[in-house]
Amino acid sequence: MTNSILHVALDTPLRRAFDYRLPQDRAGISVPLQTGMRVRVPFGRRSLIGILVGWAAGSEVPAGKLKAALEFLDAEPVFDAVTFDLLRWAADYYHHPIGEVFAAAMPAAVRQGRPLSSRIEEWSLSEAGRAEILSPSDRRGPKRRALLQWMQDQPPLTGEDIVAAGFALDQLKAVAGRGWAEAHERAPVPQTPRVAASEVALTQAQTEAVDTITGSLGRFEAHLLFGVTGSGKTEVYLRAIAEVIARGGQALVLVPEIALTPQLLERFRKRFSAGIAVIHSGLTGTDRHEAWSAARSGLARIVIGTRSAVFTPLTDLALIVVDEEHDTSFKQQEGFRYSARDIAVLRAQRAAVPVVLGSATPSLESLENVASQRYRQLRLPERTGAAHDTRMTLVDLRAHANEQGLSQPAIHAMAAHLKNGGQVIVFLNRRGYAPTLFCCACGWVAACAHCDARMTIHRRVGRLRCHHCGAEGLIPTLCGACQQPLMPVGQGTERVEDALAQLFPDFPLARLDRDSVSVRGAMEEVLESVHNGSARILVGTQMLTKGHHFPDVSLVVILDADQGLFATDYRATERLAQMITQVAGRAGREARAGEVIIQTQFPDHPLLNRLIHSGYEGFAVDALEERRAASWPPYSRLALLRADARDPKRVDEFLRDALRSAAGAREVKLLGPATALIARRADRHRAHVLIEAATRPQLQKFLNVWLPRVDSLPIKQGLRWSIDVDPTEVD
């Protein structure tokens with residue numbers, strides 16, 4: 001073979017592919033070489049599995065140093081051509097090592113060499129088992145005898161089939177251990193999902209949205225589905241996907257956090273009888289591999305997943321949906337820092353399929369794309385069915401006494417709604433009992449020993465915890481400096497829960513935050529208690545904003561609306577407006593009229609008043625104009641060079657060397673070095689340099705030249721650095 005040098009991408013932090021000779025065993029290349037195939041290669045003293053990204057006749061590496069690849073694992077590529085090219089593009093655009101990019105796009109089992117296609121294990125009686133049934137021997141116990149007799153009249157059975165019939169897997173293992181049953185593997189049989197008819201009558205706006213989306217099947221078009229909370233965006237998705245299934249295609253649905261949207265999954269399973277694969281980090285390795293394999297093989301016609309699912313190979317892809325497209329969870333914040341929303345749009349473009357970005361509070365970037373006619377906007381301006389618009393009011397905390405963070409107007413409103421049979425949501429985006437443990441005598445504050453942050457009181461478990469590094473300790477009762485009693489300052493969801501239990505002892509309540517649902521299944525229990533009415537008051541954090549539908553909620557109380565009003569991050573007001581709008585949208589979704597009370601110490605703040613009187617859309621108009629005037633995204637492009645080390649001097653020296661290596665750059669603006677908002681986290685000092693350019697090509701052109709120089713800088717021991725393109729947080 002002329003092209004005898006393989007270029008292999010390996011899961012290492014090195015920003016290049018590695019050259020290898022063809023395997024010595026020529027049988028290992030009995031199939032044509034194709035980019036995207038897995039290949040096992042020697043790497044130092046280890047053997048690694050990489051992805052073939054190309055080949056050539058020669059190499060810059062001296063022939064004597066070239067090692068031979070060990071074997072090819074597949075006769076076909078792992079990824080379809082569109083996804084493979086998309087991953088290569090992502091490695092270039094986000095300036096991340098290509099091997100780590102491919103690794104992030106595969107389940108762990110595939111990275112470790114498991115077969116691409118999952119197999120189904122089925123059991124049947126062996127000849128020895130059939131003979132045993134006829135034998136007069138009494139060496140079989142009654143349970144084993146019953147299992148053997150039942151299996152003789154059955155077709156091949158999965159373990160699930162056997163358990164469903166009332167037998168135990170231990171009985172099957174015992175029977176198989178004696179050679180009376182044997183296992184066989186087969187490929188899954190594809191099933192076309194049956195689509196259940198919907199009992200929901202579409203509004204005119206929904207009908208137009210469905211018709212527009214289905215009318216674009218077969219070509220690329222980006223749709224922004226801008227629908228107020230409760231306007232029926234999910235029903236639009238379901239109708240469009242039903243048409244995709246009818247045409248034999250596959251649909252990819254991305255959600256911010258699958259664990260927070262069980263209702264979405266339930267609605268899909270009610271509408272489609274089979275062919276749904278769920279992909280997210282909470283799955284076991286085996287389950288994730290099976291779901292990925294089902295999607296890749298076409299067995300699954302609908303894939304629902306979190307951000308990494310955007311890279312799932314789909315040969316019949318016909319539609320992509322990004323639900324809650326504004327959510328920051330779509331941006332990976334560690335390692336390969338990609339935006340799943342942006343990748344989804346590019347994937348749709350390259351696959352020539354439509355993409356739907358849905359939200360009641362679209363990102364300012366998406367709204368600007370509508371204004372510049374890159375996206376087509378589909379409006380759902382009204383709530384469906386008997387749902388009401390909510391009435392929003394501001395409560396001035398300076399003028400009203402409060403009890404544990406609850407103002408008197410809020411308490412009176414809660415009493416009225418509960419008396420009338422409604423449910424109440426109390427929202428505070430701060431978990432724990434209180435954010436600060438304080439000594440009134442000397443001013444001592446319980447601070448984290450490892451971060452520039454305060455410890456949060458978690459009274460339920462009797463611990464102080466740092467929400468940044470995870471450090472924790474016992475809650476002291478006396479000040480270590482002056483031995484005076486300590487007191488909690490501020491409110492968290494635990495403290496609000498206690499206060500509500502005292503104020504409304506006759507009304508059961510539930511709490512929804514990361515602490516209360518840390519145990520598997522706890523999330524479902526909390527949500528079910530709200531749906532069945534056993535919980536009348538629900539206290540929670542931003543988990544409440546993730547698309548939940550609570551029919552009987554008639555009042556939402558937002559305790560602290562001032563977080564974000566004066567933050568330094570330029571996106572803070574956008575996130576605050578989205579959060580307020582989303583949580584307010586939980587009220588009045590069906591027959592009960594909705595009311596929202598927003599507590600604030602700044603009732604005259606223009607952001608809050610714009611939200612009250614003009615809604616999110618009015619806020620967005622003003623916010624975009626402010627961004628334009630300040631030349632912030634989406635009217636410019638950013639990247640962030642981050643560095644951290646235990647020694648702050650090393651961080652500063654590295655960033656200053658990086659700046660010097662950019663001397664003469666004209667098309668970009670470099671700002672820094674600047675310390676991060678939390679300068680020390682987990683004993684590591686953090687700082688960054690901000691790179692700003694007017695356009696994306698200008699930014700990429702600069703990074704392509706600059707980052708190799710940064711990569712060649714001498715790195716002192718213990719220092720880490722990374723580049724974040726299109727950062728969602730400038731911290």
# chains A, B, ... in the order shown; residues from 1 in each chain; ligands from 1
call {"tool": "select_by_dssp", "arguments": {"residues": "region 511-717 of chain A", "states": "strand (DSSP E)", "output": "VMD selection string"}}
result
chain A and resid 511 to 512 537 to 540 553 to 558 595 to 600 637 to 645 668 to 681 684 to 693
call {"tool": "write_last_selection", "arguments": {"atoms": "C-alpha atoms", "output": "compact mmCIF listing (two decimals), in the first residue's frame"}}
result
# COMPACT_ATOMS: atom_id res chain seq x y z
CA ARG A 511 -37.82 21.44 48.70
CA LEU A 512 -36.16 21.15 45.30
CA ILE A 537 -45.65 24.69 48.95
CA LEU A 538 -42.49 24.09 46.90
CA VAL A 539 -39.23 25.83 47.85
CA GLY A 540 -36.36 25.65 45.41
CA VAL A 553 -49.44 26.48 41.03
CA SER A 554 -51.11 29.87 41.22
CA LEU A 555 -48.45 31.94 43.04
CA VAL A 556 -44.71 32.32 42.63
CA VAL A 557 -42.71 34.32 45.17
CA ILE A 558 -39.18 35.34 44.14
CA GLU A 595 -49.63 35.78 40.36
CA VAL A 596 -45.93 36.55 40.75
CA ILE A 597 -44.42 38.57 43.60
CA ILE A 598 -40.86 39.79 43.15
CA GLN A 599 -39.12 41.00 46.30
CA THR A 600 -36.40 43.61 45.80
CA ARG A 637 -16.23 37.85 19.69
CA LEU A 638 -14.39 36.82 22.83
CA ALA A 639 -11.91 34.23 23.99
CA LEU A 640 -10.48 33.76 27.45
CA LEU A 641 -6.99 32.49 28.26
CA ARG A 642 -7.21 31.05 31.77
CA ALA A 643 -4.37 29.96 34.01
CA ASP A 644 -4.15 28.61 37.55
CA ALA A 645 -1.44 27.41 39.93
CA VAL A 668 -7.75 42.10 18.52
CA LYS A 669 -7.80 43.74 21.92
CA LEU A 670 -6.12 41.96 24.84
CA LEU A 671 -7.16 42.84 28.38
CA GLY A 672 -5.38 41.64 31.49
CA PRO A 673 -4.00 39.81 33.27
CA ALA A 674 -6.95 40.04 35.66
CA THR A 675 -7.69 37.88 38.66
CA ALA A 676 -10.79 35.71 38.51
CA LEU A 677 -13.90 36.69 40.46
CA ILE A 678 -12.94 34.02 42.98
CA ALA A 679 -9.19 34.48 42.82
CA ARG A 680 -8.34 31.33 44.79
CA ARG A 681 -10.30 28.11 44.41
CA ARG A 684 -5.17 27.31 43.22
CA HIS A 685 -4.83 30.96 42.22
CA ARG A 686 -6.72 31.89 39.06
CA ALA A 687 -6.39 34.70 36.53
CA HIS A 688 -7.08 35.29 32.85
CA VAL A 689 -6.49 37.36 29.75
CA LEU A 690 -9.53 38.44 27.72
CA ILE A 691 -9.20 38.53 23.93
CA GLU A 692 -11.76 40.63 22.06
CA ALA A 693 -12.23 40.87 18.28
call {"tool": "residues_around", "arguments": {"residues": "Val356 (chain A)", "least_positions_apart": "5", "cutoff": "7 Å", "atoms": "only C-alpha atoms", "output": "ChimeraX atom specification"}}
result
/A:222-225,320-322
call {"tool": "atom_distance", "arguments": {"atom1": "CA of Ala499 (chain A)", "atom2": "CA of Gln404 (chain A)"}}
result
6.4 Å
call {"tool": "residues_around", "arguments": {"residues": "region 304-315 of chain A", "least_positions_apart": "6", "cutoff": "9 Å", "atoms": "only C-alpha atoms", "output": "VMD selection string"}}
result
chain A and resid 78 to 80 82 to 84 86 to 87 104 to 106 249 to 258 265 276 to 281 292 to 293 295 to 298 329 to 332 339 to 341 343 to 344 347
call {"tool": "write_last_selection", "arguments": {"atoms": "N, CA and C atoms", "output": "CSV table (one decimal), in the first residue's frame"}}
result
chain,number,residue,atom,x,y,z
A,78,VAL,N,-16.4,4.9,13.2
A,78,VAL,CA,-17.2,5.1,14.4
A,78,VAL,C,-18.3,6.2,14.1
A,79,PHE,N,-18.0,7.2,13.3
A,79,PHE,CA,-18.9,8.4,13.1
A,79,PHE,C,-19.2,8.4,11.6
A,80,ASP,N,-20.5,8.9,11.4
A,80,ASP,CA,-20.8,9.2,10.0
A,80,ASP,C,-20.0,10.4,9.5
A,82,VAL,N,-20.6,13.4,8.3
A,82,VAL,CA,-20.9,14.7,8.8
A,82,VAL,C,-20.4,14.9,10.2
A,83,THR,N,-20.6,13.9,11.1
A,83,THR,CA,-20.2,14.1,12.5
A,83,THR,C,-18.7,14.1,12.6
A,84,PHE,N,-18.0,13.2,11.8
A,84,PHE,CA,-16.6,13.2,11.8
A,84,PHE,C,-16.0,14.5,11.4
A,86,LEU,N,-17.5,17.4,11.6
A,86,LEU,CA,-17.9,18.3,12.6
A,86,LEU,C,-16.9,18.3,13.8
A,87,LEU,N,-16.5,17.1,14.2
A,87,LEU,CA,-15.6,17.0,15.3
A,87,LEU,C,-14.2,17.6,15.0
A,104,ALA,N,-14.3,12.8,23.8
A,104,ALA,CA,-15.5,13.4,24.5
A,104,ALA,C,-16.8,13.0,23.7
A,105,ALA,N,-16.7,12.6,22.5
A,105,ALA,CA,-17.8,12.3,21.6
A,105,ALA,C,-18.2,10.8,21.7
A,106,MET,N,-17.5,10.0,22.4
A,106,MET,CA,-17.7,8.6,22.5
A,106,MET,C,-18.0,8.1,23.9
A,249,GLY,N,-37.0,9.2,9.2
A,249,GLY,CA,-35.8,9.9,9.7
A,249,GLY,C,-35.6,9.7,11.1
A,250,GLN,N,-34.5,10.3,11.6
A,250,GLN,CA,-34.2,10.3,13.1
A,250,GLN,C,-34.2,11.8,13.5
A,251,ALA,N,-34.6,12.0,14.8
A,251,ALA,CA,-34.6,13.3,15.4
A,251,ALA,C,-33.7,13.3,16.6
A,252,LEU,N,-32.9,14.4,16.8
A,252,LEU,CA,-32.1,14.6,17.9
A,252,LEU,C,-32.6,15.7,18.8
A,253,VAL,N,-32.9,15.5,20.1
A,253,VAL,CA,-33.5,16.5,21.0
A,253,VAL,C,-32.5,16.7,22.1
A,254,LEU,N,-32.0,17.9,22.2
A,254,LEU,CA,-31.1,18.3,23.2
A,254,LEU,C,-31.8,19.1,24.3
A,255,VAL,N,-31.5,18.7,25.6
A,255,VAL,CA,-32.1,19.4,26.7
A,255,VAL,C,-31.0,19.8,27.7
A,256,PRO,N,-31.2,20.8,28.5
A,256,PRO,CA,-30.1,21.3,29.3
A,256,PRO,C,-29.6,20.2,30.3
A,257,GLU,N,-30.6,19.6,31.0
A,257,GLU,CA,-30.2,18.6,32.1
A,257,GLU,C,-31.4,17.6,32.1
A,258,ILE,N,-31.1,16.4,31.7
A,258,ILE,CA,-32.1,15.4,31.5
A,258,ILE,C,-32.8,15.0,32.9
A,265,LEU,N,-39.5,13.7,28.9
A,265,LEU,CA,-39.2,12.3,28.6
A,265,LEU,C,-40.6,11.5,28.6
A,276,ILE,N,-36.8,5.2,21.3
A,276,ILE,CA,-36.3,6.4,22.0
A,276,ILE,C,-35.0,6.0,22.8
A,277,ALA,N,-34.0,6.7,22.5
A,277,ALA,CA,-32.7,6.5,23.3
A,277,ALA,C,-32.4,7.7,24.1
A,278,VAL,N,-32.0,7.5,25.4
A,278,VAL,CA,-31.7,8.6,26.2
A,278,VAL,C,-30.2,8.6,26.6
A,279,ILE,N,-29.5,9.7,26.4
A,279,ILE,CA,-28.1,9.8,26.6
A,279,ILE,C,-27.7,10.9,27.5
A,280,HIS,N,-27.2,10.6,28.7
A,280,HIS,CA,-26.7,11.6,29.6
A,280,HIS,C,-25.8,11.0,30.6
A,281,SER,N,-25.1,11.8,31.3
A,281,SER,CA,-24.0,11.4,32.2
A,281,SER,C,-24.4,10.6,33.4
A,292,TRP,N,-26.3,4.8,22.8
A,292,TRP,CA,-25.4,5.3,21.8
A,292,TRP,C,-25.4,4.4,20.6
A,293,SER,N,-25.3,3.1,20.8
A,293,SER,CA,-25.3,2.1,19.7
A,293,SER,C,-26.6,2.1,19.0
A,295,ALA,N,-28.7,4.5,18.7
A,295,ALA,CA,-28.8,5.7,17.9
A,295,ALA,C,-28.0,5.5,16.6
A,296,ARG,N,-26.8,5.1,16.8
A,296,ARG,CA,-25.8,5.0,15.7
A,296,ARG,C,-26.4,4.0,14.6
A,297,SER,N,-26.9,2.9,15.1
A,297,SER,CA,-27.4,1.8,14.1
A,297,SER,C,-28.7,2.2,13.5
A,298,GLY,N,-29.4,3.2,14.0
A,298,GLY,CA,-30.7,3.5,13.5
A,298,GLY,C,-31.8,2.8,14.2
A,329,SER,N,-26.2,25.5,30.6
A,329,SER,CA,-25.7,24.2,30.7
A,329,SER,C,-25.3,23.6,29.4
A,330,PHE,N,-25.7,24.2,28.3
A,330,PHE,CA,-25.2,23.7,27.0
A,330,PHE,C,-23.8,24.0,26.7
A,331,LYS,N,-23.1,24.9,27.5
A,331,LYS,CA,-21.7,25.2,27.3
A,331,LYS,C,-20.9,24.3,28.3
A,332,GLN,N,-20.0,23.5,27.8
A,332,GLN,CA,-19.1,22.7,28.6
A,332,GLN,C,-18.1,23.7,29.3
A,339,SER,N,-19.9,24.6,22.8
A,339,SER,CA,-21.3,25.0,23.0
A,339,SER,C,-22.1,24.0,22.2
A,340,ALA,N,-22.9,23.2,22.9
A,340,ALA,CA,-23.7,22.2,22.2
A,340,ALA,C,-24.8,22.9,21.4
A,341,ARG,N,-25.3,24.0,21.8
A,341,ARG,CA,-26.3,24.7,21.0
A,341,ARG,C,-25.6,25.2,19.6
A,343,ILE,N,-22.9,24.0,18.2
A,343,ILE,CA,-22.5,22.8,17.4
A,343,ILE,C,-23.8,22.2,16.8
A,344,ALA,N,-24.9,22.2,17.5
A,344,ALA,CA,-26.2,21.7,16.9
A,344,ALA,C,-26.6,22.5,15.6
A,347,ARG,N,-24.1,21.5,12.9
A,347,ARG,CA,-24.4,20.1,12.4
A,347,ARG,C,-25.6,20.1,11.5
call {"tool": "residues_around", "arguments": {"residues": "Phe438 (chain A)", "least_positions_apart": "6", "cutoff": "8 Å", "atoms": "only C-alpha atoms", "output": "list in words"}}
result
Trp444, Val445, Ala446, Leu486, Met487, Pro488 and Val489 of chain A
call {"tool": "write_last_selection", "arguments": {"atoms": "N, CA and C atoms", "output": "PDB file, in the first residue's frame"}}
result
ATOM      1  N   TRP A 444     -15.766  38.130  62.879  1.00  0.00           N
ATOM      2  CA  TRP A 444     -15.211  36.938  62.224  1.00  0.00           C
ATOM      3  C   TRP A 444     -16.262  36.289  61.321  1.00  0.00           C
ATOM      4  N   VAL A 445     -15.827  35.784  60.180  1.00  0.00           N
ATOM      5  CA  VAL A 445     -16.705  35.090  59.238  1.00  0.00           C
ATOM      6  C   VAL A 445     -16.098  33.731  58.917  1.00  0.00           C
ATOM      7  N   ALA A 446     -16.923  32.715  58.853  1.00  0.00           N
ATOM      8  CA  ALA A 446     -16.437  31.376  58.511  1.00  0.00           C
ATOM      9  C   ALA A 446     -16.076  31.344  57.029  1.00  0.00           C
ATOM     10  N   LEU A 486     -21.968  32.465  67.677  1.00  0.00           N
ATOM     11  CA  LEU A 486     -22.025  32.759  66.245  1.00  0.00           C
ATOM     12  C   LEU A 486     -23.465  32.717  65.760  1.00  0.00           C
ATOM     13  N   MET A 487     -23.743  33.440  64.696  1.00  0.00           N
ATOM     14  CA  MET A 487     -25.104  33.448  64.173  1.00  0.00           C
ATOM     15  C   MET A 487     -25.094  33.327  62.648  1.00  0.00           C
ATOM     16  N   PRO A 488     -26.091  32.630  62.098  1.00  0.00           N
ATOM     17  CA  PRO A 488     -26.208  32.549  60.636  1.00  0.00           C
ATOM     18  C   PRO A 488     -26.765  33.849  60.084  1.00  0.00           C
ATOM     19  N   VAL A 489     -26.234  34.301  58.955  1.00  0.00           N
ATOM     20  CA  VAL A 489     -26.677  35.534  58.324  1.00  0.00           C
ATOM     21  C   VAL A 489     -27.113  35.223  56.892  1.00  0.00           C
TER      22      VAL A 489
END
call {"tool": "residues_around", "arguments": {"residues": "region 459-465 of chain A", "least_positions_apart": "2", "cutoff": "12 Å", "atoms": "only C-alpha atoms", "output": "ChimeraX atom specification"}}
result
/A:431-437,445-451,453-457,467-477,488,491-495,497-498,515-516
call {"tool": "write_last_selection", "arguments": {"atoms": "N, CA and C atoms", "output": "CSV table (one decimal), in the first residue's frame"}}
result
chain,number,residue,atom,x,y,z
A,431,ARG,N,-28.8,27.6,47.8
A,431,ARG,CA,-29.1,26.4,48.7
A,431,ARG,C,-28.4,26.5,50.0
A,432,GLY,N,-28.7,25.6,50.9
A,432,GLY,CA,-28.2,25.6,52.2
A,432,GLY,C,-29.1,26.3,53.2
A,433,TYR,N,-28.6,26.5,54.4
A,433,TYR,CA,-29.4,27.2,55.4
A,433,TYR,C,-29.2,28.7,55.4
A,434,ALA,N,-27.9,29.1,55.4
A,434,ALA,CA,-27.5,30.5,55.3
A,434,ALA,C,-26.2,30.6,54.6
A,435,PRO,N,-25.9,31.6,53.9
A,435,PRO,CA,-24.6,31.7,53.2
A,435,PRO,C,-23.4,32.2,54.0
A,436,THR,N,-23.7,32.6,55.3
A,436,THR,CA,-22.6,33.1,56.1
A,436,THR,C,-22.8,32.8,57.6
A,437,LEU,N,-21.7,32.4,58.2
A,437,LEU,CA,-21.7,32.2,59.7
A,437,LEU,C,-20.8,33.3,60.3
A,445,VAL,N,-15.8,35.8,60.2
A,445,VAL,CA,-16.7,35.1,59.2
A,445,VAL,C,-16.1,33.7,58.9
A,446,ALA,N,-16.9,32.7,58.9
A,446,ALA,CA,-16.4,31.4,58.5
A,446,ALA,C,-16.1,31.3,57.0
A,447,ALA,N,-14.8,31.3,56.7
A,447,ALA,CA,-14.3,31.4,55.4
A,447,ALA,C,-13.7,30.0,55.0
A,448,CYS,N,-13.8,29.7,53.7
A,448,CYS,CA,-13.1,28.4,53.2
A,448,CYS,C,-11.6,28.6,53.3
A,449,ALA,N,-11.0,27.5,53.8
A,449,ALA,CA,-9.5,27.6,54.0
A,449,ALA,C,-8.8,27.4,52.6
A,450,HIS,N,-9.6,27.0,51.6
A,450,HIS,CA,-9.0,26.7,50.3
A,450,HIS,C,-9.4,27.6,49.2
A,451,CYS,N,-10.4,28.5,49.5
A,451,CYS,CA,-11.0,29.4,48.4
A,451,CYS,C,-11.2,30.8,49.0
A,453,ALA,N,-13.7,32.4,49.5
A,453,ALA,CA,-15.2,32.4,49.5
A,453,ALA,C,-15.6,32.0,51.0
A,454,ARG,N,-16.8,32.3,51.3
A,454,ARG,CA,-17.4,31.9,52.6
A,454,ARG,C,-18.0,30.5,52.6
A,455,MET,N,-18.0,29.9,53.7
A,455,MET,CA,-18.6,28.6,53.9
A,455,MET,C,-20.1,28.8,54.1
A,456,THR,N,-20.9,27.9,53.5
A,456,THR,CA,-22.3,27.9,53.6
A,456,THR,C,-22.8,27.0,54.7
A,457,ILE,N,-23.7,27.4,55.5
A,457,ILE,CA,-24.3,26.6,56.6
A,457,ILE,C,-25.3,25.6,56.0
A,467,HIS,N,-19.2,25.8,48.5
A,467,HIS,CA,-19.9,25.4,47.2
A,467,HIS,C,-19.0,25.6,46.0
A,468,HIS,N,-17.7,25.9,46.2
A,468,HIS,CA,-16.8,26.0,45.1
A,468,HIS,C,-15.8,24.9,45.0
A,469,CYS,N,-15.3,24.4,46.2
A,469,CYS,CA,-14.3,23.3,46.2
A,469,CYS,C,-14.8,22.1,46.9
A,470,GLY,N,-15.9,22.2,47.6
A,470,GLY,CA,-16.5,21.0,48.2
A,470,GLY,C,-15.9,20.8,49.6
A,471,ALA,N,-15.0,21.6,50.1
A,471,ALA,CA,-14.5,21.4,51.5
A,471,ALA,C,-15.7,21.6,52.5
A,472,GLU,N,-15.6,20.9,53.6
A,472,GLU,CA,-16.6,21.0,54.6
A,472,GLU,C,-16.0,20.7,56.0
A,473,GLY,N,-16.8,21.1,57.0
A,473,GLY,CA,-16.4,20.8,58.4
A,473,GLY,C,-17.6,21.0,59.3
A,474,LEU,N,-17.5,20.7,60.6
A,474,LEU,CA,-18.6,20.9,61.5
A,474,LEU,C,-18.9,22.4,61.7
A,475,ILE,N,-20.1,22.6,62.1
A,475,ILE,CA,-20.6,24.0,62.4
A,475,ILE,C,-20.2,24.4,63.8
A,476,PRO,N,-19.3,25.3,64.0
A,476,PRO,CA,-18.9,25.7,65.4
A,476,PRO,C,-20.0,26.6,66.0
A,477,THR,N,-20.1,26.5,67.4
A,477,THR,CA,-21.1,27.3,68.1
A,477,THR,C,-20.5,28.6,68.6
A,488,PRO,N,-26.1,32.6,62.1
A,488,PRO,CA,-26.2,32.5,60.6
A,488,PRO,C,-26.8,33.8,60.1
A,491,GLN,N,-30.3,34.1,54.0
A,491,GLN,CA,-31.2,33.0,53.8
A,491,GLN,C,-30.8,32.0,52.7
A,492,GLY,N,-31.0,30.8,52.9
A,492,GLY,CA,-30.9,29.7,51.9
A,492,GLY,C,-32.2,29.0,51.9
A,493,THR,N,-32.3,28.0,51.0
A,493,THR,CA,-33.6,27.3,50.8
A,493,THR,C,-33.9,26.5,52.1
A,494,GLU,N,-32.9,26.0,52.8
A,494,GLU,CA,-33.2,25.2,54.1
A,494,GLU,C,-33.9,26.2,55.1
A,495,ARG,N,-33.4,27.4,55.2
A,495,ARG,CA,-33.9,28.3,56.2
A,495,ARG,C,-35.3,28.8,55.9
A,497,GLU,N,-37.4,27.1,54.1
A,497,GLU,CA,-38.2,25.9,54.3
A,497,GLU,C,-38.7,25.9,55.8
A,498,ASP,N,-37.7,26.1,56.7
A,498,ASP,CA,-38.1,26.1,58.2
A,498,ASP,C,-39.1,27.2,58.5
A,515,ASP,N,-29.2,19.7,47.0
A,515,ASP,CA,-29.1,18.9,48.3
A,515,ASP,C,-30.2,17.9,48.5
A,516,SER,N,-31.4,18.4,48.2
A,516,SER,CA,-32.6,17.6,48.5
A,516,SER,C,-32.8,16.4,47.5
